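Peer 1: My questions all concern the structure below.
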Amino acid sequence: MNIKILGPGCPKCKTLDKITREVVEKNGINATITKVEDIMEIMKYGVMSTPALVVDDKVVVKGRVPSAEEIRQLLTQ
């Protein structure tokens with residue numbers, strides 16, 4: 001699984017990165033997590049409000065920080 005956290009480094013982006021890494025670790029999910037801070041790269045995903053969570057090149061959350069439980073559900077479905 002390939003996970004990307006899209007965001008320029010704002011507090012919400014850092015929170016999403018932290019929670020996602022915790023969920024992956026706690027649940028033993030085999031995933032590669034990448035932080036994308038380049039605004040041009042972020043725009044390629046059609047994301048205008050960050051943070052955003054991308055799983056296997058599909059934007060699953062944007063413009064907010066989901067709960068750890070919501071992230072777990074998105075990654076294990």
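Labels for the structure tokens follow display order: chains A, B, ..., residues from 1 in each chain, ligands from 1.
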Among range 5-62 of chain A, which ones does DSSP assign to helix (DSSP H, G or I) (computed from the backbone)? Answer as a PyMOL selection string.
Peer 2: chain A and resi 11-26+39-43
Peer 1: Considering only C-alpha atoms, return as a ChimeraX atom specification whatever protein or nucleic-acid residues lie within 10 Å of Ile39 in chain A, sequence-local ones (same chain, fewer than 6 positions apart) excluded.
Peer 2: /A:6-8,47-48
Peer 1: Considering only C-alpha atoms, return as an NGL selection string whatever protein or nucleic-acid residues lie within 10 Å of Pro66 in chain A, sequence-local ones (same chain, fewer than 5 positions apart) excluded.
Peer 2: :A and (15-16 or 19-20 or 51-53 or 61 or 71-72)
Peer 1: Considering only C-alpha atoms, state which residue in the set A:Ala31, A:Asn2, A:Cys10, A:Glu70 is at the smallest distance from Ser49 in chain A.
Peer 2: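 Residue with the minimum atom-to-atom distance to Ser49 in chain A: A:Cys10.
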Peer 1: Go ahead and compute the interatomic distance for CA of Gly9 in chain A and CA of Ile42 in chain A, in Å to one decimal.
Peer 2: 12.1 Å
Peer 1: Of the residues A:Met40, A:Lys14, A:Asp57, A:Glu69, which is the one nearest to Lys26 in chain A, using only C-alpha atoms?
Peer 2: A:Glu69
Peer 1: Could you write out, as a list in words, all the residues of chain A that DSSP marks as strand (DSSP E)?
Peer 2: Asn2, Ile3, Lys4, Ile5, Leu6, Thr32, Ile33, Thr34, Lys35, Val36, Ala52, Leu53, Val54, Val55, Lys58, Val59, Val60, Val61 and Lys62 of chain A
Peer 1: Could you list, as a compact mmCIF listing (two decimals) with N, CA and C atoms, in the first residue's frame, every residue within 12 Å of Pro11 in chain A, counting only C-alpha atoms and ignoring same-chain residues fewer than 6 positions away?
Peer 2:
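Generated file (part.txt):
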# COMPACT_ATOMS: atom_id res chain seq x y z
N ASP A 17 -0.12 13.41 9.34
CA ASP A 17 1.05 12.56 9.14
C ASP A 17 1.30 11.70 10.38
N LYS A 18 1.26 12.31 11.55
CA LYS A 18 1.52 11.61 12.81
C LYS A 18 0.47 10.54 13.06
N THR A 50 -5.76 21.54 2.06
CA THR A 50 -4.98 20.50 2.72
C THR A 50 -5.34 20.47 4.21
N PRO A 51 -5.03 19.41 4.89
CA PRO A 51 -4.26 18.25 4.44
C PRO A 51 -5.12 17.30 3.63
N ARG A 64 -9.32 18.17 5.83
CA ARG A 64 -9.58 17.98 7.26
C ARG A 64 -8.67 16.87 7.78
N VAL A 65 -8.62 16.77 9.11
CA VAL A 65 -7.85 15.70 9.75
C VAL A 65 -8.86 14.67 10.26
Peer 1: Which is closer to Arg21 in chain A than all the others in A:Val55, A:Ala68, A:Met43, A:Met1, using only C-alpha atoms?
Peer 2: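 Distance minimum relative to Arg21 in chain A lands on A:Ala68.
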Peer 1: Which of these residues is nearest to Val59 in chain A, using only C-alpha atoms: A:Ile5, A:Ile33, A:Val23, A:Cys13?
Peer 2: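 Looking only at the distances to Val59 in chain A, the closest residue turns out to be A:Ile5.
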Peer 1: Can you list, as a PDB file with N, CA and C atoms, in the first residue's frame, every protein, DNA or RNA residue that comes within 6 Å of Val54 in chain A when you count only C-alpha atoms, leaving out same-chain residues fewer than 5 positions away?
Peer 2:
ATOM      1  N   ILE A   3       0.852   5.231   0.706  1.00  0.00           N
ATOM      2  CA  ILE A   3       0.087   6.313   1.332  1.00  0.00           C
ATOM      3  C   ILE A   3       0.867   7.610   1.169  1.00  0.00           C
ATOM      4  N   LYS A   4       0.141   8.664   0.783  1.00  0.00           N
ATOM      5  CA  LYS A   4       0.762   9.982   0.688  1.00  0.00           C
ATOM      6  C   LYS A   4      -0.020  10.961   1.545  1.00  0.00           C
ATOM      7  N   VAL A  59      -7.390   9.956  -3.746  1.00  0.00           N
ATOM      8  CA  VAL A  59      -7.612  10.878  -2.631  1.00  0.00           C
ATOM      9  C   VAL A  59      -8.810  10.372  -1.827  1.00  0.00           C
ATOM     10  N   VAL A  60      -8.573  10.041  -0.555  1.00  0.00           N
ATOM     11  CA  VAL A  60      -9.661   9.515   0.278  1.00  0.00           C
ATOM     12  C   VAL A  60     -10.163  10.522   1.307  1.00  0.00           C
TER      13      VAL A  60
END
